[in-house]
$ cat data-v4.cif   # mmCIF, C-alpha atoms (C1' of nucleotides)
data_protein
#
loop_
_atom_site.label_atom_id
_atom_site.label_comp_id
_atom_site.auth_asym_id
_atom_site.auth_seq_id
_atom_site.Cartn_x
_atom_site.Cartn_y
_atom_site.Cartn_z
CA MET M 1304 147.31 14.79 163.36
CA LEU M 1305 143.58 14.92 163.21
CA THR M 1306 141.36 13.93 166.06
CA ALA M 1307 143.75 12.86 168.76
CA ASP M 1308 143.80 16.15 170.62
CA ILE M 1309 140.60 15.51 172.52
CA PRO M 1310 141.39 15.16 176.19
CA PRO M 1311 140.61 11.89 177.94
CA ASN M 1312 137.01 11.48 178.96
CA GLN M 1313 135.24 8.61 180.63
CA SER M 1314 132.87 8.59 177.68
CA ILE M 1315 133.86 7.51 174.21
CA TYR M 1316 132.46 8.65 170.89
CA ILE M 1317 132.11 6.01 168.21
CA LYS M 1318 131.47 6.72 164.55
CA ASN M 1319 131.34 4.82 161.29
CA LEU M 1320 128.75 2.49 162.78
CA ASN M 1321 126.52 0.51 160.47
CA GLU M 1322 123.42 2.67 160.06
CA LYS M 1323 121.21 -0.24 159.13
CA ILE M 1324 121.24 -1.65 162.64
CA LYS M 1325 118.23 -0.76 164.72
CA LYS M 1326 118.88 1.52 167.63
CA GLU M 1327 117.99 -0.91 170.38
CA GLU M 1328 120.06 -3.71 168.94
CA LEU M 1329 122.97 -1.37 168.38
CA LYS M 1330 122.90 -0.21 171.97
CA ARG M 1331 122.69 -3.72 173.33
CA SER M 1332 125.56 -4.88 171.16
CA LEU M 1333 127.74 -1.94 172.12
CA TYR M 1334 126.95 -2.59 175.74
CA CYS M 1335 127.99 -6.21 175.45
CA LEU M 1336 131.06 -5.47 173.40
CA PHE M 1337 132.42 -2.71 175.63
CA SER M 1338 131.58 -4.03 179.06
CA GLN M 1339 134.79 -6.06 178.89
CA PHE M 1340 136.60 -2.78 179.67
CA GLY M 1341 134.68 -1.80 182.78
CA ARG M 1342 131.35 -0.78 184.17
CA ILE M 1343 129.18 0.98 181.62
CA LEU M 1344 126.93 3.73 182.92
CA ASP M 1345 125.09 4.53 179.72
CA VAL M 1346 124.99 3.94 175.98
CA VAL M 1347 123.48 6.65 173.80
CA ALA M 1348 122.59 6.26 170.15
CA LEU M 1349 120.21 8.36 168.07
CA LYS M 1350 118.96 7.76 164.56
CA THR M 1351 118.35 11.37 163.66
CA PRO M 1352 119.95 12.53 160.39
CA LYS M 1353 122.74 14.31 162.24
CA LEU M 1354 123.47 11.50 164.66
CA ARG M 1355 122.95 8.18 162.94
CA GLY M 1356 126.00 5.99 162.67
CA GLN M 1357 127.37 7.34 165.94
CA ALA M 1358 127.13 6.40 169.57
CA TRP M 1359 128.47 7.26 172.99
CA VAL M 1360 129.45 4.83 175.70
CA ALA M 1361 129.93 6.23 179.20
CA PHE M 1362 132.21 4.28 181.54
CA SER M 1363 132.58 4.62 185.27
CA GLU M 1364 136.34 5.08 184.85
CA VAL M 1365 138.49 7.05 182.43
CA THR M 1366 140.96 4.16 182.24
CA ALA M 1367 138.22 1.91 180.89
CA ALA M 1368 137.50 4.46 178.18
CA SER M 1369 141.20 4.70 177.34
CA ASN M 1370 141.53 0.96 176.93
CA ALA M 1371 138.41 0.87 174.82
CA VAL M 1372 139.69 3.63 172.53
CA ARG M 1373 142.97 1.82 171.98
CA GLN M 1374 141.89 -1.79 171.83
CA MET M 1375 138.69 -1.47 169.87
CA GLN M 1376 140.00 1.03 167.34
CA ASN M 1377 138.93 -0.16 163.87
CA PHE M 1378 137.26 -3.22 165.33
CA PRO M 1379 134.99 -4.68 162.64
CA PHE M 1380 131.49 -4.30 164.00
CA TYR M 1381 128.55 -5.21 161.77
CA ASP M 1382 131.02 -5.18 158.88
CA LYS M 1383 132.35 -1.69 159.47
CA PRO M 1384 135.48 -0.69 161.36
CA MET M 1385 134.60 1.37 164.40
CA ARG M 1386 136.28 4.77 164.71
CA ILE M 1387 136.62 5.64 168.35
CA GLN M 1388 137.61 8.84 170.13
CA TYR M 1389 137.08 10.31 173.53
CA ALA M 1390 133.80 12.20 173.72
CA LYS M 1391 134.11 15.96 173.56
CA SER M 1392 132.04 16.55 176.66
CA LYS M 1393 130.80 14.72 179.69
CA SER M 1394 127.74 12.54 179.37
CA ASP M 1395 124.65 13.63 181.22
CA CYS M 1396 124.73 10.47 183.30
CA ILE M 1397 128.14 11.60 184.56
CA THR M 1398 127.29 15.22 185.32
CA LYS M 1399 124.09 14.08 186.96
CA ALA M 1400 126.14 11.88 189.24
CA ASP M 1401 128.76 14.52 190.08
CA GLY M 1402 126.20 17.28 190.56
CA THR M 1403 127.28 19.51 187.65
CA PHE M 1404 124.37 18.63 185.42
CA VAL M 1405 122.56 21.57 183.82
CA SER M 1406 119.33 20.77 182.05
CA ARG M 1407 119.19 21.60 178.38
CA ASP M 1408 116.50 24.29 178.62
CA LYS M 1409 118.41 25.92 181.42
CA LYS M 1410 121.59 25.81 179.39
CA ARG M 1411 119.79 27.37 176.44
CA LYS M 1412 118.34 30.07 178.66
CA GLN M 1413 121.75 30.76 180.15
CA GLU M 1414 123.26 31.15 176.72
CA GLU M 1415 120.46 33.44 175.59
CA LYS M 1416 120.93 35.58 178.66
CA VAL M 1417 124.64 35.85 178.06
CA GLU M 1418 123.98 36.94 174.50
CA ARG M 1419 121.28 39.45 175.38
CA LYS M 1420 122.96 41.12 178.30
CA ARG M 1421 126.56 40.71 177.34
CA GLU M 1422 127.95 42.97 180.03
CA GLU M 1423 125.21 43.18 182.62
CA THR M 1424 126.09 40.22 184.81
CA GLN M 1425 126.70 36.56 184.84
CA GLY M 1426 123.67 35.25 186.62
CA PRO M 1427 124.87 32.77 189.19
CA ASN M 1428 121.79 30.64 188.90
CA MET M 1429 123.43 27.91 190.87
CA ALA M 1430 120.00 26.60 191.74
CA ASN M 1431 120.98 23.22 190.36
CA GLY M 1432 120.30 20.94 193.23
CA PRO M 1433 122.18 17.69 193.08
CA THR M 1434 120.19 16.19 190.26
CA SER M 1435 121.87 12.86 190.87
CA GLN M 1436 120.06 9.53 190.88
CA ASN M 1437 121.51 8.30 187.67
CA GLY M 1438 119.40 5.65 186.03
CA ALA M 1439 122.55 3.63 185.66
CA ALA M 1440 122.52 0.55 183.50
CA PRO M 1441 122.41 -2.78 185.29
CA ALA M 1442 125.85 -3.76 186.44
CA PRO M 1443 127.34 -6.50 184.31
CA PRO M 1444 129.42 -9.16 185.97
CA PHE M 1445 132.88 -7.77 185.59
CA GLN M 1446 136.05 -8.97 187.25
CA PRO M 1447 139.02 -6.65 187.00
CA SER M 1448 141.39 -9.59 186.94
CA GLY M 1449 143.82 -8.21 184.42
CA GLN M 1450 142.49 -10.64 181.84
CA GLU M 1451 140.25 -8.08 180.21
CA ALA M 1452 143.33 -6.44 178.72
CA MET M 1453 143.52 -9.25 176.18
CA PRO M 1454 142.50 -8.01 172.74
CA PRO M 1455 139.35 -9.44 171.22
CA ASN M 1456 139.55 -12.88 169.74
CA ASN M 1457 136.96 -15.23 168.31
CA ILE M 1458 138.22 -17.85 170.76
CA LEU M 1459 137.37 -17.60 174.45
CA PHE M 1460 139.44 -18.95 177.29
CA ILE M 1461 137.42 -20.34 180.19
CA GLN M 1462 138.90 -20.86 183.65
CA ASN M 1463 137.78 -22.00 187.07
CA LEU M 1464 135.61 -24.81 185.82
CA PRO M 1465 134.92 -27.72 188.18
CA HIS M 1466 137.15 -30.59 187.15
CA GLU M 1467 134.18 -32.79 186.33
CA THR M 1468 132.94 -30.39 183.64
CA THR M 1469 132.44 -32.03 180.27
CA SER M 1470 132.42 -30.47 176.84
CA VAL M 1471 128.78 -31.46 176.46
CA MET M 1472 127.94 -29.38 179.51
CA LEU M 1473 129.79 -26.40 178.11
CA GLN M 1474 128.23 -26.84 174.72
CA LEU M 1475 124.82 -26.58 176.36
CA LEU M 1476 125.77 -23.18 177.69
CA PHE M 1477 127.80 -21.68 174.90
CA ALA M 1478 125.81 -22.95 171.93
CA GLN M 1479 122.95 -20.68 172.97
CA TYR M 1480 124.84 -17.74 171.50
CA PRO M 1481 125.08 -17.04 167.77
CA GLY M 1482 128.21 -18.00 165.90
CA PHE M 1483 129.13 -20.88 168.19
CA LYS M 1484 131.53 -23.35 166.58
CA GLU M 1485 133.13 -25.66 169.11
CA ILE M 1486 134.39 -26.44 172.58
CA ARG M 1487 137.92 -27.65 173.08
CA MET M 1488 139.10 -29.18 176.33
CA ILE M 1489 142.44 -30.67 177.21
CA ASP M 1490 142.45 -33.85 179.32
CA ALA M 1491 145.80 -32.99 180.81
CA LYS M 1492 144.51 -29.58 181.95
CA PRO M 1493 141.28 -29.84 183.85
CA GLY M 1494 139.40 -26.70 184.81
CA ILE M 1495 139.91 -24.83 181.57
CA ALA M 1496 138.39 -24.85 178.11
CA PHE M 1497 138.47 -22.99 174.83
CA VAL M 1498 135.29 -21.97 173.05
CA GLU M 1499 135.39 -20.90 169.46
CA TYR M 1500 132.94 -18.58 167.70
CA GLU M 1501 132.82 -17.40 164.13
CA ASP M 1502 134.03 -13.92 164.97
CA ASP M 1503 135.07 -11.65 167.83
CA VAL M 1504 131.75 -9.88 168.08
CA GLN M 1505 129.94 -13.11 168.72
CA SER M 1506 132.55 -14.39 171.17
CA SER M 1507 132.30 -11.06 173.01
CA MET M 1508 128.56 -11.42 173.33
CA ALA M 1509 128.86 -14.92 174.78
CA MET M 1510 131.60 -13.79 177.13
CA GLN M 1511 129.46 -10.98 178.44
CA ALA M 1512 126.43 -13.22 178.81
CA LEU M 1513 128.17 -16.06 180.62
CA GLN M 1514 130.82 -14.21 182.58
CA GLY M 1515 130.67 -15.43 186.16
CA PHE M 1516 128.21 -18.19 185.39
CA LYS M 1517 128.33 -20.75 188.19
CA ILE M 1518 128.36 -24.41 187.27
CA THR M 1519 128.70 -25.04 190.99
CA PRO M 1520 128.42 -22.33 193.67
CA GLN M 1521 132.21 -22.41 194.09
CA ASN M 1522 132.97 -22.14 190.39
CA PRO M 1523 132.06 -18.85 188.77
CA MET M 1524 133.40 -19.03 185.23
CA ILE M 1525 136.23 -16.69 184.38
CA ILE M 1526 136.06 -15.91 180.70
CA SER M 1527 138.60 -13.95 178.73
CA PHE M 1528 139.73 -13.80 175.16
CA ALA M 1529 142.26 -16.48 174.32
CA LYS M 1530 145.78 -15.41 173.53
CA LYS M 1531 146.40 -15.17 169.82
"C1'" DA V 222 131.47 13.39 157.97
"C1'" DG V 223 128.52 14.00 161.51
"C1'" DC V 224 129.69 15.17 169.56
"C1'" DA V 225 124.14 13.70 172.52
"C1'" DC V 226 121.68 12.58 176.44
"C1'" DA V 227 114.74 15.83 177.67
#

$ encode --input "data-v4.cif" --output "structure tokens"
Amino acid sequence: MLTADIPPNQSIYIKNLNEKIKKEELKRSLYCLFSQFGRILDVVALKTPKLRGQAWVAFSEVTAASNAVRQMQNFPFYDKPMRIQYAKSKSDCITKADGTFVSRDKKRKQEEKVERKREETQGPNMANGPTSQNGAAPAPPFQPSGQEAMPPNNILFIQNLPHETTSVMLQLLFAQYPGFKEIRMIDAKPGIAFVEYEDDVQSSMAMQALQGFKITPQNPMIISFAKK
DNA sequence: AGCACA
């Protein structure tokens, strides 16, 4: 057993990412792809030699991270299967929120002190005022309706449409997103539709973008992956 | 393979 002994963490560590993707795009795509599991507080990706091809996604809940680790394991993302584990330590955005954040210089100084004066004392420099105020990412529309447990699929299932919705109307909305293929509606079942994309990444992006979109004020769209 | 955030 290799990597599975890392304890659960509300942040996940992703490796084997395609290193050709620019940092900003990568972060946006990860944000879209993973917000199906819960509220995302932060996405971190660096292109330094040590850290390229890796990223961290911090969720507001450990359970979201757990689902993401399981369901997105080996998910083909920019042509490479993602390898996902729990992160080894808490993200700064988390420790900042719970008040345990220690700035990096301070941490370095603390470690130096411990090394220099090994037996003198442990300086309780608890002068870390609640450094909270997390610059949290904008909250995506997310409905914990139990539907988000469905594994990714290139076909989306749309619910709560007004009965007068036509496929042309839906096409207008969904064709904005790359990979769009077709809308399917069933006359005998008003209020629902299926939308097909070329692959699961693209369907995920559209889902994230249009989740909760209101065709009428009473009809926020409920979008989930279709059952296989 | 590689666990950071300034």

$ resolve_selection --input "data-v4.cif" --expression "the PyMOL selection byres ((chain M) within 7 of (chain V))" --output "VMD selection string"
chain M and resid 1347 1353 to 1354 1390 to 1391 1394 to 1395

$ closest_residue --input "data-v4.cif" --among "M:Pro1454, M:Glu1501, M:Gly1494, M:Thr1468" --to "Pro1481 in chain M" --atoms "all atoms listed in the file"
M:Glu1501

$ atom_distance --input "data-v4.cif" --atom1 "CA of Thr1351 in chain M" --atom2 "CA of Lys1326 in chain M"
10.6 Å

$ resolve_selection --input "data-v4.cif" --expression "the PyMOL selection byres ((chain M and resi 1365) around 9)" --output "short mmCIF file (atom, residue, chain, number, x, y, z; two decimals) with C-alpha atoms, in the coordinates of the input"
data_model
loop_
_atom_site.label_atom_id
_atom_site.label_comp_id
_atom_site.auth_asym_id
_atom_site.auth_seq_id
_atom_site.Cartn_x
_atom_site.Cartn_y
_atom_site.Cartn_z
CA PRO M 1311 140.61 11.89 177.94
CA ASN M 1312 137.01 11.48 178.96
CA GLN M 1313 135.24 8.61 180.63
CA SER M 1314 132.87 8.59 177.68
CA PHE M 1362 132.21 4.28 181.54
CA SER M 1363 132.58 4.62 185.27
CA GLU M 1364 136.34 5.08 184.85
CA THR M 1366 140.96 4.16 182.24
CA ALA M 1367 138.22 1.91 180.89
CA ALA M 1368 137.50 4.46 178.18
CA SER M 1369 141.20 4.70 177.34
CA ASN M 1370 141.53 0.96 176.93
#

$ closest_residue --input "data-v4.cif" --among "M:Lys1530, M:Val1372, M:Lys1323, M:Ser1332" --to "Ala1509 in chain M" --atoms "all atoms listed in the file"
M:Ser1332

$ build_atoms --input "data-v4.cif" --residues "range 1493-1513 of chain M" --atoms "N, CA, C and O atoms" --output "compact mmCIF listing (two decimals), in the coordinates of the input"
# COMPACT_ATOMS: atom_id res chain seq x y z
N PRO M 1493 142.67 -30.01 183.43
CA PRO M 1493 141.28 -29.84 183.85
C PRO M 1493 141.02 -28.42 184.35
O PRO M 1493 141.94 -27.72 184.76
N GLY M 1494 139.76 -28.01 184.28
CA GLY M 1494 139.40 -26.70 184.81
C GLY M 1494 139.43 -25.57 183.80
O GLY M 1494 139.02 -24.46 184.10
N ILE M 1495 139.90 -25.87 182.60
CA ILE M 1495 139.91 -24.83 181.57
C ILE M 1495 139.30 -25.37 180.28
O ILE M 1495 139.17 -26.57 180.09
N ALA M 1496 138.93 -24.46 179.41
CA ALA M 1496 138.39 -24.85 178.11
C ALA M 1496 138.55 -23.69 177.14
O ALA M 1496 138.75 -22.54 177.55
N PHE M 1497 138.49 -24.02 175.88
CA PHE M 1497 138.47 -22.99 174.83
C PHE M 1497 137.15 -23.11 174.08
O PHE M 1497 136.69 -24.22 173.80
N VAL M 1498 136.57 -21.96 173.78
CA VAL M 1498 135.29 -21.97 173.05
C VAL M 1498 135.45 -21.08 171.83
O VAL M 1498 135.81 -19.91 171.96
N GLU M 1499 135.18 -21.65 170.70
CA GLU M 1499 135.39 -20.90 169.46
C GLU M 1499 134.06 -20.42 168.87
O GLU M 1499 133.08 -21.16 168.81
N TYR M 1500 134.07 -19.17 168.42
CA TYR M 1500 132.94 -18.58 167.70
C TYR M 1500 133.40 -18.16 166.32
O TYR M 1500 134.61 -18.12 166.04
N GLU M 1501 132.45 -17.78 165.49
CA GLU M 1501 132.82 -17.40 164.13
C GLU M 1501 133.61 -16.09 164.11
O GLU M 1501 134.53 -15.93 163.31
N ASP M 1502 133.26 -15.16 164.97
CA ASP M 1502 134.03 -13.92 164.97
C ASP M 1502 134.08 -13.32 166.38
O ASP M 1502 133.45 -13.84 167.30
N ASP M 1503 134.83 -12.24 166.51
CA ASP M 1503 135.07 -11.65 167.83
C ASP M 1503 133.84 -10.98 168.41
O ASP M 1503 133.71 -10.85 169.62
N VAL M 1504 132.96 -10.51 167.54
CA VAL M 1504 131.75 -9.88 168.08
C VAL M 1504 130.93 -10.94 168.80
O VAL M 1504 130.47 -10.75 169.93
N GLN M 1505 130.77 -12.06 168.14
CA GLN M 1505 129.94 -13.11 168.72
C GLN M 1505 130.59 -13.69 169.97
O GLN M 1505 129.90 -13.96 170.97
N SER M 1506 131.89 -13.88 169.96
CA SER M 1506 132.55 -14.39 171.17
C SER M 1506 132.40 -13.38 172.31
O SER M 1506 132.19 -13.76 173.47
N SER M 1507 132.45 -12.09 171.98
CA SER M 1507 132.30 -11.06 173.01
C SER M 1507 130.92 -11.12 173.65
O SER M 1507 130.77 -10.95 174.86
N MET M 1508 129.93 -11.33 172.82
CA MET M 1508 128.56 -11.42 173.33
C MET M 1508 128.43 -12.59 174.30
O MET M 1508 127.85 -12.47 175.38
N ALA M 1509 128.95 -13.73 173.91
CA ALA M 1509 128.86 -14.92 174.78
C ALA M 1509 129.63 -14.69 176.06
O ALA M 1509 129.18 -15.06 177.16
N MET M 1510 130.79 -14.06 175.94
CA MET M 1510 131.60 -13.79 177.13
C MET M 1510 130.80 -12.93 178.11
O MET M 1510 130.74 -13.21 179.30
N GLN M 1511 130.22 -11.88 177.58
CA GLN M 1511 129.46 -10.98 178.44
C GLN M 1511 128.28 -11.71 179.09
O GLN M 1511 128.00 -11.55 180.27
N ALA M 1512 127.63 -12.55 178.30
CA ALA M 1512 126.43 -13.22 178.81
C ALA M 1512 126.77 -14.24 179.88
O ALA M 1512 126.03 -14.41 180.85
N LEU M 1513 127.89 -14.93 179.73
CA LEU M 1513 128.17 -16.06 180.62
C LEU M 1513 129.26 -15.76 181.65
O LEU M 1513 129.59 -16.62 182.46
